[in-house]
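Participant: Sharing a structure here in structure tokens format.
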There are 2 protein chains.
Amino acid sequence: MSYADQVLDALGDPTRRTILKRLRGRARSVREIADGMSVSRPAVSQHLKVLRAARLVTDRAEGARRLYTLDARGIEALRAWLDGFWEEALDAFKDAAERETTTRRTR
Amino acid sequence: MSYADQVLDALGDPTRRTILKRLRGRARSVREIADGMSVSRPAVSQHLKVLRAARLVTDRAEGARRLYTLDARGIEALRAWLDGFWEEALDAFKDAAERETTTRRTR
DNA sequence: ACTTACGGTAAGTGCTCACTTACCGCACTA
DNA sequence: TAGTGCGGTAAGTGAGCACTTACCGTAAGT
């Protein structure tokens with residue numbers, strides 16, 4: 001299982017996606033993120049752990065608080081996966097088309 | 001829940017991702033997809049249903065068989081979500097920075 | 001030192017969901 | 001029209017995982 005899989009697994013949860021949305025723009029503490037959400041603060045903490053492991057967020061200590069920010073690395077990894085996947089698909093498709101043409105010629 | 005969420009939920013499962021990988025290049029029947037995988041054919045069928053709903057695959061009948069192909073719409077939707085998300089994040093970040101500068105000026 | 005706010009983690013629970021087997025209808029062939 | 005292969009779906013099961021509450025250590029304020 002590659003790193004891209006880890007990112008996609010992390011993005012596979014709706015709650016984690018809303019957390020990410022709430023981090024657009026400014027860094028937020030865990031409580032700031034949890035306030036206004038339908039789940040408890042520990043739940044958010046656990047999700048943040050997954051997001052951090054997938055490098056979708058980073059955290060830094062600020063006194064007793066802990067500020068979370070979006071991490072570009074996860075997003076870039078996803079884009080790379082996307083591009084790579086699609087490129088491979090097109091390549092394989094093109095190869096198949098060429099093989100098809102060759103078959104017709106030698107028929 | 002938007003369409004992009006549907007795509008991300010669909011991509012959140014490892015088995016569904018391997019199905020997509022197996023569809024790169026050429027169309028395959030359900031049995032072709034299932035052969036060589038660690039799950040049963042009905043399991044693959046159920047996953048294909050989710051992937052079709054997310055417009056990540058399309059299917060067409062070919063006699064008694066049913067051929068599945070990658071669908072670009074799901075991939076493009078994901079890319080659009082990615083770009084939109086990141087752009088919004090950067091915009092909000094820039095706004096915050098500008099507000100910060102203004103605060104400093106008026107201090 | 002006492003208090004208060006923060007947030008990570010342990011422990012337990014419930015539900016979603018990815019799987020299985022069984023069964024069905026359908027398309028083609030002999 | 002009997003037989004074969006295909007694949008969708010119903011029904012049931014098991015496990016993972018997203019939650020909860022409870023507890024703990026830490027940092028700053030009074």
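Numbering starts fresh at 1 for the residues of each chain in the structure tokens, the chains themselves are lettered A, B, ... in the order given, and ligands are numbered from 1 as they appear.
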Show me, as a PyMOL selection string, the residues of chain C whose atoms get within 10 Å of chain B, using only C-alpha atoms (C1' of nucleotides) for the distance check.
Facilitator: chain C and resi 18-21+26-28
Participant: If you run DSSP on the backbone, which residues of segment 4-42 of chain A are helix (DSSP H, G or I), as an MDAnalysis selection string?
Facilitator: chainID A and resid 4:11 14:22 30:34 41:42
Participant: With N, CA and C atoms retained, export the selected residues as a short mmCIF file (atom, residue, chain, number, x, y, z; two decimals), in the first residue's frame.
Facilitator:
data_model
loop_
_atom_site.label_atom_id
_atom_site.label_comp_id
_atom_site.auth_asym_id
_atom_site.auth_seq_id
_atom_site.Cartn_x
_atom_site.Cartn_y
_atom_site.Cartn_z
N ALA A 4 -0.04 7.22 -1.57
CA ALA A 4 -1.26 7.77 -2.17
C ALA A 4 -2.50 7.07 -1.62
N ASP A 5 -2.39 5.77 -1.39
CA ASP A 5 -3.50 5.03 -0.80
C ASP A 5 -3.84 5.57 0.58
N GLN A 6 -2.81 5.90 1.32
CA GLN A 6 -3.02 6.45 2.66
C GLN A 6 -3.79 7.77 2.58
N VAL A 7 -3.43 8.59 1.63
CA VAL A 7 -4.11 9.88 1.44
C VAL A 7 -5.57 9.64 1.06
N LEU A 8 -5.80 8.73 0.13
CA LEU A 8 -7.17 8.46 -0.31
C LEU A 8 -8.01 7.86 0.81
N ASP A 9 -7.41 6.99 1.61
CA ASP A 9 -8.13 6.43 2.75
C ASP A 9 -8.51 7.55 3.72
N ALA A 10 -7.59 8.46 3.95
CA ALA A 10 -7.85 9.57 4.87
C ALA A 10 -8.98 10.45 4.33
N LEU A 11 -9.00 10.66 3.04
CA LEU A 11 -10.02 11.52 2.43
C LEU A 11 -11.35 10.78 2.26
N PRO A 14 -16.12 11.49 5.56
CA PRO A 14 -16.78 12.81 5.48
C PRO A 14 -16.36 13.76 6.59
N THR A 15 -16.26 13.24 7.79
CA THR A 15 -15.87 14.08 8.93
C THR A 15 -14.47 14.64 8.73
N ARG A 16 -13.58 13.83 8.24
CA ARG A 16 -12.22 14.31 7.99
C ARG A 16 -12.22 15.38 6.91
N ARG A 17 -13.07 15.22 5.92
CA ARG A 17 -13.13 16.23 4.86
C ARG A 17 -13.66 17.55 5.41
N THR A 18 -14.63 17.51 6.30
CA THR A 18 -15.11 18.78 6.88
C THR A 18 -14.04 19.42 7.74
N ILE A 19 -13.26 18.61 8.40
CA ILE A 19 -12.13 19.16 9.18
C ILE A 19 -11.19 19.91 8.24
N LEU A 20 -10.86 19.28 7.13
CA LEU A 20 -9.97 19.92 6.17
C LEU A 20 -10.56 21.23 5.67
N LYS A 21 -11.85 21.21 5.39
CA LYS A 21 -12.50 22.44 4.90
C LYS A 21 -12.39 23.54 5.94
N ARG A 22 -12.52 23.16 7.21
CA ARG A 22 -12.45 24.17 8.27
C ARG A 22 -11.04 24.71 8.45
N VAL A 30 -7.65 22.56 18.10
CA VAL A 30 -8.56 21.41 18.07
C VAL A 30 -9.96 21.82 18.50
N ARG A 31 -10.04 22.64 19.52
CA ARG A 31 -11.35 23.09 20.00
C ARG A 31 -12.07 23.94 18.96
N GLU A 32 -11.31 24.81 18.33
CA GLU A 32 -11.92 25.64 17.27
C GLU A 32 -12.50 24.77 16.16
N ILE A 33 -11.77 23.73 15.83
CA ILE A 33 -12.25 22.83 14.78
C ILE A 33 -13.50 22.09 15.25
N ALA A 34 -13.45 21.60 16.48
CA ALA A 34 -14.55 20.78 16.99
C ALA A 34 -15.82 21.59 17.23
N ARG A 41 -14.80 16.51 20.69
CA ARG A 41 -13.43 16.94 20.50
C ARG A 41 -12.45 15.76 20.37
N PRO A 42 -12.55 14.73 21.22
CA PRO A 42 -11.66 13.58 21.03
C PRO A 42 -11.80 12.94 19.66
#
Participant: Starting from chain D, keep only residues with some atom at most 9 Å from an atom of chain B, counting only C-alpha atoms (C1' of nucleotides), and report them as a ChimeraX atom specification.
Facilitator: /D:5-9
Participant: Could the residues of chain A that have an atom at most 12 Å from chain B be listed as CSV, each with its closest atom pair and the distance in Å to one decimal, counting only C-alpha atoms and ordered by chain and ascending residue number?
Facilitator:
residue,atom,partner,partner_atom,distance
A:Met1,CA,B:Pro14,CA,8.8
A:Ser2,CA,B:Pro14,CA,10.8
A:Ala4,CA,B:Arg17,CA,10.9
A:Asp5,CA,B:Pro14,CA,7.4
A:Gln6,CA,B:Gly12,CA,9.2
A:Val7,CA,B:Gly12,CA,9.0
A:Leu8,CA,B:Gly12,CA,5.5
A:Asp9,CA,B:Gly12,CA,4.8
A:Ala10,CA,B:Gly12,CA,7.6
A:Leu11,CA,B:Leu8,CA,6.5
A:Gly12,CA,B:Gly12,CA,4.2
A:Asp13,CA,B:Asp9,CA,6.9
A:Pro14,CA,B:Asp5,CA,7.5
A:Thr15,CA,B:Asp5,CA,11.0
A:Arg16,CA,B:Asp5,CA,11.4
A:Arg17,CA,B:Asp5,CA,8.6
A:Thr18,CA,B:Asp5,CA,10.5
A:Leu20,CA,B:Phe85,CA,9.4
A:Lys21,CA,B:Phe85,CA,7.9
A:Arg22,CA,B:Ala89,CA,9.7
A:Leu23,CA,B:Ala89,CA,8.0
A:Arg24,CA,B:Ala89,CA,4.4
A:Gly25,CA,B:Ala92,CA,4.1
A:Arg26,CA,B:Phe93,CA,6.2
A:Ala27,CA,B:Phe93,CA,9.4
A:Leu56,CA,B:Trp86,CA,11.7
A:Thr69,CA,B:Ala89,CA,10.4
A:Leu70,CA,B:Ala89,CA,8.4
A:Asp71,CA,B:Trp86,CA,10.5
A:Ala72,CA,B:Trp86,CA,8.6
A:Arg73,CA,B:Trp86,CA,11.7
A:Gly74,CA,B:Leu82,CA,11.0
A:Ile75,CA,B:Leu82,CA,7.5
A:Glu76,CA,B:Leu82,CA,9.4
A:Ala77,CA,B:Leu82,CA,11.1
A:Leu78,CA,B:Leu82,CA,8.4
A:Arg79,CA,B:Arg79,CA,7.4
A:Ala80,CA,B:Arg79,CA,10.6
A:Trp81,CA,B:Arg79,CA,10.7
A:Leu82,CA,B:Ile75,CA,7.5
A:Asp83,CA,B:Arg79,CA,9.1
A:Gly84,CA,B:Lys21,CA,11.2
A:Phe85,CA,B:Lys21,CA,7.9
A:Trp86,CA,B:Ile75,CA,8.0
A:Glu87,CA,B:Arg24,CA,9.5
A:Glu88,CA,B:Arg24,CA,7.0
A:Ala89,CA,B:Arg24,CA,4.4
A:Leu90,CA,B:Gly25,CA,6.7
A:Asp91,CA,B:Gly25,CA,7.2
A:Ala92,CA,B:Gly25,CA,4.1
A:Phe93,CA,B:Gly25,CA,4.1
A:Lys94,CA,B:Gly25,CA,7.7
A:Asp95,CA,B:Gly25,CA,7.9
A:Ala96,CA,B:Gly25,CA,6.9
A:Ala97,CA,B:Gly25,CA,9.4
A:Glu98,CA,B:Gly25,CA,11.8
A:Arg99,CA,B:Arg26,CA,11.8
A:Glu100,CA,B:Arg26,CA,11.6
Participant: Taking only C-alpha atoms (C1' of nucleotides) into account, name the residue in D:DT20, D:DT30, D:DT13, D:DT4 that is nearest to DT4 of chain C.
Facilitator: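 Among the listed residues, D:DT30 lies closest to DT4 of chain C.
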Participant: Write out as an NGL selection string the residues lying within 12 Å of segment 11-15 of chain C, counting only C-alpha atoms (C1' of nucleotides) and excluding same-chain residues fewer than 5 positions away.
Facilitator: :D and (15-23)
Participant: For the structure I just gave you, how does DSSP split chain B - specifically, which residues are strand (DSSP E)? Reply as a list in words.
Facilitator: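 Going through chain B, the strand (DSSP E) residues come out as Arg28, Ser29, Val57, Thr58, Asp59, Arg60, Ala61, Glu62, Arg65, Arg66, Leu67, Tyr68, Thr69 and Leu70 of chain B.
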Participant: What does the file look like for those residues with N, CA and C atoms, as a PDB file, in the first residue's frame?
Facilitator:
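As written to disk, result32.pdb reads:
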ATOM      1  N   ARG B  28     -13.000  -4.594 -19.420  1.00  0.00           N
ATOM      2  CA  ARG B  28     -12.971  -5.957 -18.906  1.00  0.00           C
ATOM      3  C   ARG B  28     -14.354  -6.364 -18.425  1.00  0.00           C
ATOM      4  N   SER B  29     -14.601  -7.646 -18.490  1.00  0.00           N
ATOM      5  CA  SER B  29     -15.845  -8.173 -17.926  1.00  0.00           C
ATOM      6  C   SER B  29     -15.684  -8.323 -16.418  1.00  0.00           C
ATOM      7  N   VAL B  57     -16.628   4.526 -13.477  1.00  0.00           N
ATOM      8  CA  VAL B  57     -16.639   3.512 -14.535  1.00  0.00           C
ATOM      9  C   VAL B  57     -17.961   3.603 -15.303  1.00  0.00           C
ATOM     10  N   THR B  58     -17.916   3.111 -16.510  1.00  0.00           N
ATOM     11  CA  THR B  58     -19.150   2.942 -17.284  1.00  0.00           C
ATOM     12  C   THR B  58     -19.209   1.511 -17.766  1.00  0.00           C
ATOM     13  N   ASP B  59     -20.397   1.052 -18.088  1.00  0.00           N
ATOM     14  CA  ASP B  59     -20.531  -0.327 -18.547  1.00  0.00           C
ATOM     15  C   ASP B  59     -21.392  -0.369 -19.799  1.00  0.00           C
ATOM     16  N   ARG B  60     -21.120  -1.379 -20.608  1.00  0.00           N
ATOM     17  CA  ARG B  60     -21.961  -1.609 -21.777  1.00  0.00           C
ATOM     18  C   ARG B  60     -22.144  -3.113 -21.933  1.00  0.00           C
ATOM     19  N   ALA B  61     -23.295  -3.484 -22.408  1.00  0.00           N
ATOM     20  CA  ALA B  61     -23.580  -4.901 -22.602  1.00  0.00           C
ATOM     21  C   ALA B  61     -22.900  -5.378 -23.865  1.00  0.00           C
ATOM     22  N   GLU B  62     -22.363  -6.596 -23.797  1.00  0.00           N
ATOM     23  CA  GLU B  62     -21.768  -7.208 -24.985  1.00  0.00           C
ATOM     24  C   GLU B  62     -22.166  -8.674 -24.948  1.00  0.00           C
ATOM     25  N   ARG B  65     -22.220 -10.863 -21.688  1.00  0.00           N
ATOM     26  CA  ARG B  65     -21.237 -10.237 -20.810  1.00  0.00           C
ATOM     27  C   ARG B  65     -21.536  -8.753 -20.659  1.00  0.00           C
ATOM     28  N   ARG B  66     -20.790  -8.150 -19.755  1.00  0.00           N
ATOM     29  CA  ARG B  66     -20.962  -6.730 -19.484  1.00  0.00           C
ATOM     30  C   ARG B  66     -19.571  -6.153 -19.310  1.00  0.00           C
ATOM     31  N   LEU B  67     -19.204  -5.252 -20.201  1.00  0.00           N
ATOM     32  CA  LEU B  67     -17.845  -4.735 -20.191  1.00  0.00           C
ATOM     33  C   LEU B  67     -17.764  -3.399 -19.468  1.00  0.00           C
ATOM     34  N   TYR B  68     -16.803  -3.318 -18.593  1.00  0.00           N
ATOM     35  CA  TYR B  68     -16.609  -2.107 -17.796  1.00  0.00           C
ATOM     36  C   TYR B  68     -15.369  -1.347 -18.256  1.00  0.00           C
ATOM     37  N   THR B  69     -15.499  -0.051 -18.287  1.00  0.00           N
ATOM     38  CA  THR B  69     -14.404   0.834 -18.709  1.00  0.00           C
ATOM     39  C   THR B  69     -14.271   1.967 -17.715  1.00  0.00           C
ATOM     40  N   LEU B  70     -13.105   2.576 -17.683  1.00  0.00           N
ATOM     41  CA  LEU B  70     -12.915   3.771 -16.870  1.00  0.00           C
ATOM     42  C   LEU B  70     -13.758   4.905 -17.441  1.00  0.00           C
TER      43      LEU B  70
END
